Every structure is written in structure tokens, then in C-alpha cells.
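Student: Sharing entry06.pdb, PDB, C-alpha atoms:
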MODEL        1
ATOM      1  CA  MET D  14     -15.619   4.507  21.235
ATOM      2  CA  ILE D  15     -14.083   2.494  18.402
ATOM      3  CA  LEU D  16     -10.513   2.749  19.594
ATOM      4  CA  ASN D  17      -8.430   1.548  22.536
ATOM      5  CA  ILE D  18      -5.072   3.295  22.843
ATOM      6  CA  ASN D  19      -2.273   1.925  25.028
ATOM      7  CA  GLN D  20       1.041   3.694  25.596
ATOM      8  CA  LYS D  21       4.496   2.389  26.508
ATOM      9  CA  GLY D  22       6.973   5.252  26.484
ATOM     10  CA  GLU D  23       7.130   6.686  22.976
ATOM     11  CA  LYS D  24       5.134   3.801  21.475
ATOM     12  CA  TYR D  25       1.366   3.708  21.155
ATOM     13  CA  LEU D  26      -0.879   0.813  20.148
ATOM     14  CA  ALA D  27      -4.284   1.836  18.797
ATOM     15  CA  ASN D  28      -6.668  -1.124  18.518
ATOM     16  CA  VAL D  29      -9.667  -0.447  16.294
ATOM     17  CA  VAL D  30     -12.535  -2.338  17.918
ATOM     18  CA  CYS D  31     -15.202  -2.034  15.222
ATOM     19  CA  ASN D  32     -15.621  -4.170  12.121
ATOM     20  CA  ARG D  33     -16.364  -1.294   9.703
ATOM     21  CA  LEU D  34     -14.164   1.768   9.298
ATOM     22  CA  THR D  35     -16.622   4.211   7.728
ATOM     23  CA  LEU D  36     -17.258   7.959   7.972
ATOM     24  CA  ALA D  37     -18.145   8.216  11.676
ATOM     25  CA  SER D  38     -15.585   5.729  12.971
ATOM     26  CA  SER D  39     -12.779   6.971  10.717
ATOM     27  CA  GLU D  40     -13.286  10.536  11.970
ATOM     28  CA  GLU D  41     -13.023   9.298  15.550
ATOM     29  CA  LEU D  42      -9.830   7.416  14.667
ATOM     30  CA  LYS D  43      -8.312  10.509  13.066
ATOM     31  CA  GLU D  44      -9.347  12.818  15.942
ATOM     32  CA  GLN D  45      -7.759  10.552  18.558
ATOM     33  CA  VAL D  46      -4.556   9.538  16.751
ATOM     34  CA  LYS D  47      -3.591  12.739  14.904
ATOM     35  CA  PRO D  48      -2.648  14.690  18.073
ATOM     36  CA  ILE D  49      -0.402  11.816  19.171
ATOM     37  CA  LEU D  50       1.347  11.770  15.780
ATOM     38  CA  SER D  51       1.995  15.510  16.088
ATOM     39  CA  THR D  52       4.706  14.746  18.643
ATOM     40  CA  PRO D  53       8.062  14.130  16.922
ATOM     41  CA  GLY D  54       9.618  10.720  17.500
ATOM     42  CA  VAL D  55       6.535   8.797  18.615
ATOM     43  CA  GLU D  56       5.532   5.519  17.011
ATOM     44  CA  VAL D  57       1.862   4.655  16.598
ATOM     45  CA  THR D  58       0.713   1.197  15.508
ATOM     46  CA  VAL D  59      -2.892   0.960  14.342
ATOM     47  CA  ASP D  60      -4.188  -2.609  14.699
ATOM     48  CA  LEU D  61      -6.967  -3.306  12.172
ATOM     49  CA  SER D  62      -7.395  -7.001  13.046
ATOM     50  CA  GLY D  63     -11.151  -6.728  13.604
ATOM     51  CA  VAL D  64     -11.880  -4.466  10.628
ATOM     52  CA  LYS D  65     -13.612  -6.314   7.792
ATOM     53  CA  PHE D  66     -14.599  -3.273   5.678
ATOM     54  CA  ILE D  67     -13.063   0.148   5.000
ATOM     55  CA  ASP D  68     -14.758   2.772   2.864
ATOM     56  CA  SER D  69     -13.157   5.776   1.176
ATOM     57  CA  SER D  70     -13.384   7.916   4.331
ATOM     58  CA  GLY D  71     -11.558   5.242   6.305
ATOM     59  CA  VAL D  72      -8.802   5.107   3.696
ATOM     60  CA  GLY D  73      -8.696   8.912   3.658
ATOM     61  CA  SER D  74      -8.273   9.068   7.434
ATOM     62  CA  LEU D  75      -5.399   6.577   7.358
ATOM     63  CA  ILE D  76      -3.715   8.582   4.584
ATOM     64  CA  ALA D  77      -4.186  11.796   6.601
ATOM     65  CA  LEU D  78      -2.565  10.117   9.609
ATOM     66  CA  ALA D  79       0.361   8.936   7.461
ATOM     67  CA  LYS D  80       0.863  12.493   6.187
ATOM     68  CA  GLN D  81       0.765  13.866   9.750
ATOM     69  CA  ALA D  82       3.381  11.328  10.820
ATOM     70  CA  LYS D  83       5.657  12.296   7.941
ATOM     71  CA  ILE D  84       5.288  16.033   8.647
ATOM     72  CA  SER D  85       6.034  15.723  12.363
ATOM     73  CA  GLY D  86       8.774  13.085  12.182
ATOM     74  CA  SER D  87       6.802  10.353  13.890
ATOM     75  CA  THR D  88       6.029   6.824  12.676
ATOM     76  CA  LEU D  89       2.697   5.230  11.725
ATOM     77  CA  ASN D  90       2.370   1.456  11.331
ATOM     78  CA  ILE D  91      -0.810  -0.277  10.189
ATOM     79  CA  THR D  92      -0.970  -3.965  11.132
ATOM     80  CA  ASN D  93      -3.153  -7.069  11.050
ATOM     81  CA  LEU D  94      -5.111  -6.374   7.891
ATOM     82  CA  GLU D  95      -7.930  -8.779   7.040
ATOM     83  CA  ASP D  96      -7.728 -10.270   3.527
ATOM     84  CA  GLY D  97     -10.382  -7.981   2.008
ATOM     85  CA  VAL D  98      -8.814  -4.871   3.538
ATOM     86  CA  LYS D  99      -5.344  -6.004   2.480
ATOM     87  CA  GLU D 100      -6.606  -6.476  -1.083
ATOM     88  CA  LEU D 101      -8.028  -2.923  -1.071
ATOM     89  CA  PHE D 102      -4.696  -1.529   0.154
ATOM     90  CA  THR D 103      -2.906  -3.482  -2.588
ATOM     91  CA  LEU D 104      -5.248  -2.184  -5.276
ATOM     92  CA  LEU D 105      -4.743   1.377  -4.011
ATOM     93  CA  ARG D 106      -0.964   0.780  -3.796
ATOM     94  CA  LEU D 107      -0.816   1.755  -0.138
TER      95      LEU D 107
ENDMDL
END
Written as C-alpha cells, how would this file's structure read?
Tutor:
Amino acid sequence: MILNINQKGEKYLANVVCNRLTLASSEELKEQVKPILSTPGVEVTVDLSGVKFIDSSGVGSLIALAKQAKISGSTLNITNLEDGVKELFTLLRL
């Protein structure tokens, strides 16, 4: 398991506990968070504080989660980006 999810009411905190968000781990992230985001009005915060590297599948999974949140009327926040990951998000204009 690469993810710890805690819930307080309508708010969820998903802590990614691996240092690389690649194909296998990003699929697990998407499979666990997408059903939560399908509920209108929930807020999910994905904490990437331990993630040092994200590949294209990791970025794709986060984009898919953002789209799901928009469709269902929920909120997705991505927090605590490491410098390298933050730079990638900036380059991709995310």
C-alpha cells in the first residue's frame, strides 16, 4: 500500500507514502481516491511530501483525479510538493 487515507467528515487526507509515483503506485492512488471523489461535495487533499519523482503515469493519474473531482463537484488539493516535483508541475503548467 502506497497510500494512507484519513477522513474527517467530508474531508479526506491521502498521504502518499512512497518516494516514486510511477505506473504501479499511480494506479493504486487512482483506484483508491477516484471513488471518494465521485461523491459530490467531498474534499480530498493528496499529500506528496515524500514523493521525490513522478513519471508520466503519475501525472496522468493526478490529472484523471482532477477531472473526476470537477465532474462530480468535489475538490482535489495537491500539497507538499518537493522541489523537483514542483518544477515538473510548473513546466507542465499544472
Student: Please determine, counting all atoms listed in the file, which residue among D:Arg106, D:Lys43, D:Thr88, D:Ile76 has the shortest atom-to-atom distance to Val57 of chain D.
Tutor: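 Of all the options, D:Thr88 lies closest to Val57 of chain D.
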Student: With 3 Å on each side, where is the centre of the axis-aligned box around all listed atoms of segment 46-55 of chain D, and how long are its edges in Å to one decimal, as JSON?
Tutor:
{"center_x": 2.5, "center_y": 12.2, "center_z": 17.0, "size_x": 20.2, "size_y": 12.7, "size_z": 10.3}
Student: Hey, can you pull every residue with an atom no more than 10 Å from (-13.1, 8.3, 12.1), using all atoms listed in the file, and send it as a ChimeraX atom specification?
Tutor: /D:15-16,34-46,70-75
Student: Let me know the residues the PyMOL selection byres ((chain D and resi 93) around 9) catches in the file above, as a list in words.
Tutor: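 Applying the expression gives Val59, Asp60, Leu61, Ser62, Gly63, Ile91, Thr92, Leu94, Glu95 and Lys99 of chain D.
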Student: In Å, how far is it from atom CA of Phe66 of chain D to atom CA of Ala27 of chain D?
Tutor: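 Between atom CA of Phe66 of chain D and atom CA of Ala27 of chain D the gap is 17.5 Å.
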Student: For atom CA of Lys24 of chain D and atom CA of Thr58 of chain D, quote the distance in Å rounded to one decimal.
Tutor: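 Value for the atom CA of Lys24 of chain D-atom CA of Thr58 of chain D distance: 7.9 Å.
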Student: What gap, in Å, lies between atom CA of Ile67 of chain D and atom CA of Val29 of chain D?
Tutor: 11.8 Å
Student: Selected by the PyMOL selection byres ((chain D and resi 56) around 10) in the shown coordinates: which residues, as a PyMOL selection string?
Tutor: chain D and resi 20+22-26+49-50+52-55+57-59+82+86-90
Student: For Ser51 of chain D, list every protein, DNA or RNA residue within 7 Å, evaluated using only C-alpha atoms, and leave out those in the same chain fewer than 4 positions away; present the list as a list in words.
Tutor: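 Listed by chain and then number, they are Lys47, Gln81, Ala82 and Ser85 of chain D.
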Student: Restricting the calculation to all atoms listed in the file: of D:Asp68, D:Lys83, D:Asn17, D:Pro48, which residue gets closest to Phe102 of chain D?
Tutor: D:Asp68
Student: Taking into account all atoms listed in the file, which residue in the set D:Cys31, D:Leu78, D:Leu104, D:Ile84 is nearest to Lys65 of chain D?
Tutor: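 Looking at the shortest contact to Lys65 of chain D, the residue is D:Cys31.
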